[in-house]
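> Following this line is my_file18.txt, made up of compact mmCIF, C-alpha atoms:
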```
# COMPACT_ATOMS: atom_id res chain seq x y z
CA MET A 1 23.65 1.89 21.17
CA PRO A 2 21.51 1.70 24.33
CA GLU A 3 18.85 4.39 24.13
CA ASN A 4 19.81 6.14 27.39
CA PHE A 5 23.26 6.91 25.96
CA VAL A 6 21.86 8.97 23.07
CA SER A 7 21.58 12.72 23.60
CA ALA A 8 18.23 14.47 23.24
CA ASP A 9 19.63 16.55 20.37
CA VAL A 10 20.63 13.43 18.43
CA LEU A 11 17.25 11.78 19.02
CA GLU A 12 15.44 14.86 17.71
CA LEU A 13 17.74 15.39 14.73
CA PHE A 14 17.50 11.76 13.67
CA ASP A 15 13.69 11.74 13.86
CA GLN A 16 13.48 14.96 11.82
CA GLN A 17 15.61 13.51 9.06
CA ALA A 18 13.89 10.11 9.20
CA MET A 19 10.50 11.79 8.86
CA LYS A 20 11.72 13.62 5.74
CA LEU A 21 13.00 10.38 4.24
CA ALA A 22 9.69 8.65 4.94
CA ALA A 23 7.88 11.47 3.13
CA ARG A 24 10.12 10.78 0.12
CA GLY A 25 9.17 7.10 0.06
CA VAL A 26 12.20 5.69 1.87
CA THR A 27 11.75 2.74 4.25
CA ILE A 28 14.20 2.88 7.17
CA LEU A 29 15.01 -0.42 8.87
CA ALA A 30 17.10 -0.97 11.99
CA ALA A 31 18.29 -4.06 13.83
CA SER A 32 16.75 -4.42 17.30
CA GLY A 33 20.13 -5.43 18.77
CA ASP A 34 21.97 -8.60 19.69
CA SER A 35 22.11 -8.34 23.50
CA GLY A 36 18.54 -9.20 24.40
CA ALA A 37 16.56 -6.83 26.58
CA ASP A 38 19.73 -5.95 28.49
CA ALA A 39 21.14 -3.62 25.85
CA ALA A 40 23.13 -1.64 28.41
CA GLY A 41 24.49 -4.70 30.21
CA ASP A 42 27.75 -4.98 28.30
CA MET A 43 28.43 -1.30 28.84
CA ALA A 44 27.61 -1.67 32.54
CA ARG A 45 30.05 -4.53 32.89
CA ARG A 46 32.76 -2.48 31.21
CA ARG A 47 32.15 0.21 33.83
CA GLY A 48 32.64 -2.19 36.71
CA TYR A 49 29.14 -3.49 37.42
CA TRP A 50 29.00 -7.28 37.56
CA GLY A 51 26.28 -9.90 37.49
CA CYS A 52 22.88 -8.22 37.30
CA SER A 53 23.56 -5.47 39.84
CA HIS A 54 23.65 -2.87 37.06
CA LEU A 55 19.86 -3.11 36.72
CA ARG A 56 19.53 -1.04 39.90
CA VAL A 57 21.29 1.87 38.17
CA PRO A 58 18.79 3.83 36.00
CA MET A 59 21.35 4.50 33.28
CA PHE A 60 21.96 0.75 32.89
CA SER A 61 18.44 -0.63 33.45
CA LEU A 62 16.67 -2.74 30.84
CA GLN A 63 16.32 -0.58 27.75
CA VAL A 64 15.94 -0.80 24.01
CA GLU A 65 18.62 0.01 21.48
CA TRP A 66 18.57 3.07 19.25
CA PRO A 67 17.83 3.86 16.43
CA ALA A 68 15.50 0.85 16.51
CA SER A 69 13.41 2.77 19.05
CA SER A 70 12.78 5.67 16.66
CA ARG A 71 9.12 6.03 15.73
CA TRP A 72 10.13 6.48 12.07
CA VAL A 73 12.02 3.20 11.88
CA THR A 74 10.87 -0.38 11.38
CA ALA A 75 12.76 -2.35 14.04
CA VAL A 76 13.67 -5.92 13.07
CA GLY A 77 14.32 -8.70 15.58
CA ALA A 78 15.54 -12.26 15.05
CA THR A 79 14.15 -15.77 15.27
CA VAL A 80 15.60 -19.24 14.92
CA GLY A 81 14.05 -22.49 13.72
CA PRO A 82 13.09 -22.52 10.04
CA ALA A 83 16.66 -23.24 8.91
CA VAL A 84 16.35 -26.66 10.55
CA GLY A 85 12.76 -27.20 9.46
CA GLU A 86 11.21 -26.16 12.78
CA ARG A 87 8.86 -23.37 13.85
CA ASP A 88 10.13 -19.90 14.68
CA VAL A 89 11.14 -19.16 18.27
CA THR A 90 12.94 -16.11 19.64
CA CYS A 91 16.60 -16.18 18.68
CA SER A 92 18.42 -16.45 22.00
CA VAL A 93 21.60 -17.95 23.40
CA ASN A 94 19.41 -19.87 25.86
CA ALA A 95 17.04 -21.25 23.20
CA SER A 96 16.32 -24.95 23.54
CA GLY A 97 14.25 -27.61 21.85
CA PRO A 98 14.14 -28.68 18.19
CA SER A 99 14.15 -25.10 16.85
CA ALA A 100 17.54 -24.49 18.44
CA GLY A 101 19.09 -27.23 16.31
CA ASP A 102 21.29 -30.13 17.33
CA GLY A 103 24.02 -28.08 18.97
CA SER A 104 26.37 -28.18 15.98
CA SER A 105 25.77 -24.47 15.34
CA ARG A 106 25.55 -22.68 18.67
CA ILE A 107 23.35 -19.58 18.71
CA GLN A 108 25.54 -16.54 19.29
CA ILE A 109 23.09 -13.70 19.94
CA THR A 110 19.82 -12.83 21.65
CA SER A 111 17.33 -10.68 19.79
CA GLY A 112 16.86 -7.24 21.34
CA GLY A 113 13.56 -5.77 22.41
CA GLY A 114 11.63 -3.92 25.05
CA TYR A 115 9.98 -0.56 25.66
CA SER A 116 11.43 2.90 25.11
CA GLN A 117 11.94 4.99 28.23
CA ARG A 118 12.19 8.21 26.22
CA LEU A 119 9.78 7.91 23.28
CA SER A 120 6.07 7.41 23.78
CA ARG A 121 4.07 4.65 22.11
CA PRO A 122 3.10 5.71 18.56
CA SER A 123 -0.58 5.68 17.69
CA TRP A 124 -0.07 2.87 15.17
CA GLN A 125 0.97 0.57 18.03
CA ASP A 126 -2.30 1.18 19.90
CA GLY A 127 -4.14 -2.07 20.42
CA HIS A 128 -0.92 -4.07 20.07
CA VAL A 129 1.53 -2.68 22.64
CA SER A 130 0.34 -2.31 26.22
CA GLY A 131 3.29 -0.27 27.53
CA GLN A 132 3.44 3.53 27.40
CA GLY A 133 6.75 3.57 25.54
CA ARG A 134 7.48 2.75 21.91
CA GLY A 135 7.67 -1.04 21.68
CA VAL A 136 10.59 -2.80 19.95
CA PRO A 137 10.84 -4.74 17.64
CA ASP A 138 8.09 -4.35 15.06
CA LEU A 139 8.66 -7.73 13.40
CA SER A 140 11.30 -10.45 13.10
CA LEU A 141 13.01 -12.74 10.61
CA VAL A 142 15.49 -15.58 10.91
CA GLY A 143 18.74 -14.28 12.43
CA HIS A 144 20.83 -17.45 12.78
CA GLY A 145 23.20 -19.34 10.51
CA TYR A 146 23.79 -16.85 7.68
CA GLY A 147 26.69 -17.51 5.30
CA MET A 148 29.12 -14.63 4.86
CA VAL A 149 32.41 -14.34 3.00
CA VAL A 150 35.09 -12.25 4.75
CA GLY A 151 38.58 -12.10 3.28
CA GLY A 152 37.80 -15.00 0.97
CA ARG A 153 36.68 -17.24 3.83
CA TRP A 154 33.15 -18.48 4.54
CA LEU A 155 31.83 -17.68 8.01
CA ARG A 156 28.58 -18.57 9.76
CA VAL A 157 27.10 -15.53 11.47
CA ASP A 158 24.10 -14.61 13.61
CA GLY A 159 22.50 -11.24 14.19
CA THR A 160 19.61 -8.86 13.87
CA SER A 161 22.05 -7.16 11.50
CA ALA A 162 21.36 -10.14 9.24
CA SER A 163 17.58 -10.28 9.66
CA ALA A 164 17.17 -6.52 9.10
CA PRO A 165 18.81 -6.41 5.63
CA THR A 166 16.87 -9.55 4.71
CA LEU A 167 13.70 -7.52 5.21
CA GLY A 168 15.39 -4.78 3.21
CA GLY A 169 15.72 -7.18 0.30
CA MET A 170 12.02 -7.99 0.53
CA VAL A 171 11.04 -4.32 0.52
CA SER A 172 13.33 -3.69 -2.47
CA LEU A 173 11.61 -6.45 -4.46
CA ILE A 174 8.20 -4.98 -3.63
CA ASN A 175 9.40 -1.48 -4.56
CA ALA A 176 10.50 -2.80 -7.95
CA LYS A 177 6.95 -3.98 -8.66
CA LEU A 178 5.48 -0.69 -7.44
CA LYS A 179 7.82 1.32 -9.66
CA ALA A 180 7.04 -0.91 -12.66
CA ALA A 181 3.36 -0.10 -12.12
CA GLY A 182 4.10 3.63 -11.91
CA ARG A 183 3.27 3.75 -8.21
CA PRO A 184 5.21 5.29 -5.30
CA THR A 185 7.53 3.16 -3.20
CA VAL A 186 6.59 1.61 0.14
CA GLY A 187 7.91 4.40 2.36
CA PHE A 188 7.03 4.28 6.05
CA LEU A 189 5.98 0.69 6.66
CA ASN A 190 4.72 0.63 10.24
CA PRO A 191 1.17 2.03 9.96
CA LEU A 192 0.39 -0.61 7.34
CA ILE A 193 1.81 -3.62 9.15
CA TYR A 194 0.12 -2.68 12.44
CA SER A 195 -3.31 -2.32 10.85
CA ARG A 196 -5.55 -5.12 12.11
CA ASN A 197 -6.25 -6.62 8.70
CA THR A 198 -2.58 -6.70 7.71
CA SER A 199 -1.10 -7.95 10.99
CA SER A 200 -3.50 -10.88 11.24
CA ALA A 201 -3.14 -11.89 7.59
CA VAL A 202 0.59 -11.39 7.02
CA PHE A 203 2.38 -12.44 10.20
CA SER A 204 3.11 -15.81 11.76
CA ASP A 205 2.93 -15.25 15.51
CA VAL A 206 5.96 -16.33 17.57
CA THR A 207 4.94 -17.51 21.03
CA GLU A 208 8.04 -19.33 22.30
CA GLY A 209 11.33 -18.08 23.70
CA ASP A 210 12.57 -15.02 25.58
CA ASN A 211 15.27 -12.34 25.43
CA ARG A 212 16.47 -12.53 29.03
CA CYS A 213 20.07 -13.50 28.27
CA ALA A 214 22.54 -11.22 26.50
CA ARG A 215 25.38 -12.46 24.33
CA SER A 216 26.92 -15.85 24.93
CA GLY A 217 28.76 -15.92 28.25
CA ALA A 218 26.95 -12.89 29.70
CA SER A 219 24.53 -12.88 32.61
CA CYS A 220 20.78 -13.46 32.16
CA CYS A 221 19.55 -10.33 33.88
CA GLY A 222 15.92 -10.10 32.83
CA GLY A 223 13.77 -9.37 29.82
CA TYR A 224 10.59 -10.46 28.13
CA ASP A 225 8.81 -13.61 26.98
CA ALA A 226 7.32 -14.34 23.60
CA ALA A 227 3.52 -14.41 23.80
CA PRO A 228 0.42 -14.39 21.56
CA GLY A 229 0.18 -11.15 19.59
CA TRP A 230 2.83 -8.44 19.66
CA ASP A 231 5.57 -8.99 22.23
CA ALA A 232 8.90 -7.38 23.10
CA THR A 233 10.94 -10.30 21.72
CA THR A 234 9.74 -10.70 18.12
CA GLY A 235 7.16 -7.93 17.65
CA LEU A 236 4.21 -8.84 15.45
CA GLY A 237 5.97 -12.04 14.37
CA VAL A 238 7.47 -13.25 11.11
CA PRO A 239 6.05 -11.90 7.83
CA ASP A 240 5.15 -14.19 4.96
CA PHE A 241 6.79 -12.47 1.99
CA GLU A 242 4.07 -13.24 -0.55
CA LYS A 243 1.33 -12.06 1.83
CA LEU A 244 3.29 -8.94 2.76
CA GLU A 245 3.81 -8.16 -0.90
CA ALA A 246 0.12 -8.68 -1.65
CA ALA A 247 -0.93 -6.44 1.24
CA ILE A 248 1.38 -3.63 0.14
CA LEU A 249 0.39 -3.88 -3.51
CA ALA A 250 -3.28 -3.84 -2.53
CA ALA A 251 -2.90 -0.76 -0.32
CA GLY A 252 -3.88 2.30 -2.27
CA ALA A 253 -4.31 0.30 -5.47
```
Do you think you could lay out the structure here as structure tokens?


Amino acid sequence: MPENFVSADVLELFDQQAMKLAARGVTILAASGDSGADAAGDMARRRGYWGCSHLRVPMFSLQVEWPASSRWVTAVGATVGPAVGERDVTCSVNASGPSAGDGSSRIQITSGGGYSQRLSRPSWQDGHVSGQGRGVPDLSLVGHGYGMVVGGRWLRVDGTSASAPTLGGMVSLINAKLKAAGRPTVGFLNPLIYSRNTSSAVFSDVTEGDNRCARSGASCCGGYDAAPGWDATTGLGVPDFEKLEAAILAAGA
């Protein structure tokens, strides 16, 4: 949900439990959201605010989604492009150009991202994130055109809720190799991926697109642009699985 709608008690309790899980070698992943940078926009419209006027109300201003904004979570955004043989761009309902495809499969969501208003920037984001708040997402993967079977029928779906478990599959494969070698599991991933050597060697930077428009049919009320380096649309970029695996296996070897 939008971060401003989470109570302080819930934020604290979640972080306490997430920190304990990280200490036990658990990697926690969360989708960055499917409404662009305007995570509170849909809720604002349900409460009677229309167009982009809700941005003037602090409760409904541009904000990240939670629990992706937790400092103990790896937040996963979405891109589009590789499925049609093109380069990664931010997954957005207003995406255009070759990476957006030929129009036969309309993009349904916009990858969430931005800066936390309630949680400060973690030290491992220093040198990457310029804002004072925790930046979201940390990285991204393809989030468009997944096949899913529901009730015996094939559906084509989009979402950061597809890109996040895809990263989960990658981490599980790496954990299997670590366990086979008698080594501890990956655990908290963020300090490693934000280290200078890892981020430059593992990630393909995404420099095109934006997250200014929410879901299809909603207003485009503002947000962020993809840019060189970390940005609030796709984070560090898209990881190369083999390079990510090699970096993790080499860490502490």

> Got a sec to check which residues sit within 10 Å of (14.7, 6.1, 22.9), counting all atoms listed in the file, and write them as an NGL selection string?

:A and (2-8 or 11 or 63-71 or 115-120 or 133-134)

> Would you work out the distance separating atom CA of A:Gly147 from atom CA of A:Ala78, expressed in Å to one decimal?

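Going from atom CA of A:Gly147 over to atom CA of A:Ala78 covers 15.7 Å.
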
> Find the distance between atom CA of A:Gly33 and atom CA of A:Ala164 and write it in Å to one decimal.

10.2 Å

> Could you please determine the separation between atom CA of A:Val84 and atom CA of A:Leu141 in Å, to one decimal place?

14.3 Å

> For A:Asp225, which residue among A:Ala37, A:Ala162, A:Val149, A:Leu55 is the nearest when counting all atoms listed in the file?

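Answer, going by the shortest atom-to-atom distance: A:Ala37.
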
> From the set A:His54, A:Arg87, A:Arg121, A:Arg106, which residue has the shortest atom-to-atom contact distance to A:Asp158, counting all atoms listed in the file?

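For A:Asp158, the nearest of the candidates is A:Arg106.
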
> So which one's closest to A:Gly159, A:Thr27, A:Thr79, A:Ser219, A:Thr234? Using all atoms listed in the file, please.

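With all atoms listed in the file as the atom set, the closest residue is A:Thr79.
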
> Which of these, A:Gly222, A:Gly237, A:Pro137, A:Pro122, has the shortest distance to A:Thr160 once you count all atoms listed in the file?

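Among the listed residues, the smallest separation from A:Thr160 belongs to A:Pro137.
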
> For a quick check of your reading of the model, name the residues lying within 6 Å of the coordinate (11.8, -1.1, 7.9), counting only C-alpha atoms, and write them as a PyMOL selection string.

chain A and resi 27-29+73-74

> Taking 4 positions as the minimum chain separation for residues in the same chain, which residues sit within 12 Å of A:Leu236 when counting all atoms listed in the file? Answer as a PDB file with C-alpha atoms, in the coordinates of the input.


```pdb
ATOM      1  CA  THR A  74      10.870  -0.380  11.380  1.00  0.00           C
ATOM      2  CA  ALA A  75      12.760  -2.350  14.040  1.00  0.00           C
ATOM      3  CA  VAL A  76      13.670  -5.920  13.070  1.00  0.00           C
ATOM      4  CA  GLY A  77      14.320  -8.700  15.580  1.00  0.00           C
ATOM      5  CA  ALA A  78      15.540 -12.260  15.050  1.00  0.00           C
ATOM      6  CA  GLN A 125       0.970   0.570  18.030  1.00  0.00           C
ATOM      7  CA  GLY A 127      -4.140  -2.070  20.420  1.00  0.00           C
ATOM      8  CA  HIS A 128      -0.920  -4.070  20.070  1.00  0.00           C
ATOM      9  CA  VAL A 129       1.530  -2.680  22.640  1.00  0.00           C
ATOM     10  CA  GLY A 135       7.670  -1.040  21.680  1.00  0.00           C
ATOM     11  CA  VAL A 136      10.590  -2.800  19.950  1.00  0.00           C
ATOM     12  CA  PRO A 137      10.840  -4.740  17.640  1.00  0.00           C
ATOM     13  CA  ASP A 138       8.090  -4.350  15.060  1.00  0.00           C
ATOM     14  CA  LEU A 139       8.660  -7.730  13.400  1.00  0.00           C
ATOM     15  CA  SER A 140      11.300 -10.450  13.100  1.00  0.00           C
ATOM     16  CA  LEU A 141      13.010 -12.740  10.610  1.00  0.00           C
ATOM     17  CA  ASN A 190       4.720   0.630  10.240  1.00  0.00           C
ATOM     18  CA  ILE A 193       1.810  -3.620   9.150  1.00  0.00           C
ATOM     19  CA  TYR A 194       0.120  -2.680  12.440  1.00  0.00           C
ATOM     20  CA  SER A 195      -3.310  -2.320  10.850  1.00  0.00           C
ATOM     21  CA  ARG A 196      -5.550  -5.120  12.110  1.00  0.00           C
ATOM     22  CA  THR A 198      -2.580  -6.700   7.710  1.00  0.00           C
ATOM     23  CA  SER A 199      -1.100  -7.950  10.990  1.00  0.00           C
ATOM     24  CA  SER A 200      -3.500 -10.880  11.240  1.00  0.00           C
ATOM     25  CA  ALA A 201      -3.140 -11.890   7.590  1.00  0.00           C
ATOM     26  CA  VAL A 202       0.590 -11.390   7.020  1.00  0.00           C
ATOM     27  CA  PHE A 203       2.380 -12.440  10.200  1.00  0.00           C
ATOM     28  CA  SER A 204       3.110 -15.810  11.760  1.00  0.00           C
ATOM     29  CA  ASP A 205       2.930 -15.250  15.510  1.00  0.00           C
ATOM     30  CA  VAL A 206       5.960 -16.330  17.570  1.00  0.00           C
ATOM     31  CA  THR A 207       4.940 -17.510  21.030  1.00  0.00           C
ATOM     32  CA  ALA A 226       7.320 -14.340  23.600  1.00  0.00           C
ATOM     33  CA  ALA A 227       3.520 -14.410  23.800  1.00  0.00           C
ATOM     34  CA  PRO A 228       0.420 -14.390  21.560  1.00  0.00           C
ATOM     35  CA  GLY A 229       0.180 -11.150  19.590  1.00  0.00           C
ATOM     36  CA  TRP A 230       2.830  -8.440  19.660  1.00  0.00           C
ATOM     37  CA  ASP A 231       5.570  -8.990  22.230  1.00  0.00           C
ATOM     38  CA  ALA A 232       8.900  -7.380  23.100  1.00  0.00           C
ATOM     39  CA  ASP A 240       5.150 -14.190   4.960  1.00  0.00           C
TER      40      ASP A 240
END
```

> Using all atoms listed in the file, determine which residues lie at most 7 Å from A:Ser35, disregarding the query and same-chain residues fewer than 5 positions distant; provide the list as a compact mmCIF listing (two decimals) with C-alpha atoms, in the frame of the given file.


```txt
# COMPACT_ATOMS: atom_id res chain seq x y z
CA ILE A 109 23.09 -13.70 19.94
CA THR A 110 19.82 -12.83 21.65
CA SER A 111 17.33 -10.68 19.79
CA GLY A 112 16.86 -7.24 21.34
CA ALA A 214 22.54 -11.22 26.50
CA ARG A 215 25.38 -12.46 24.33
```
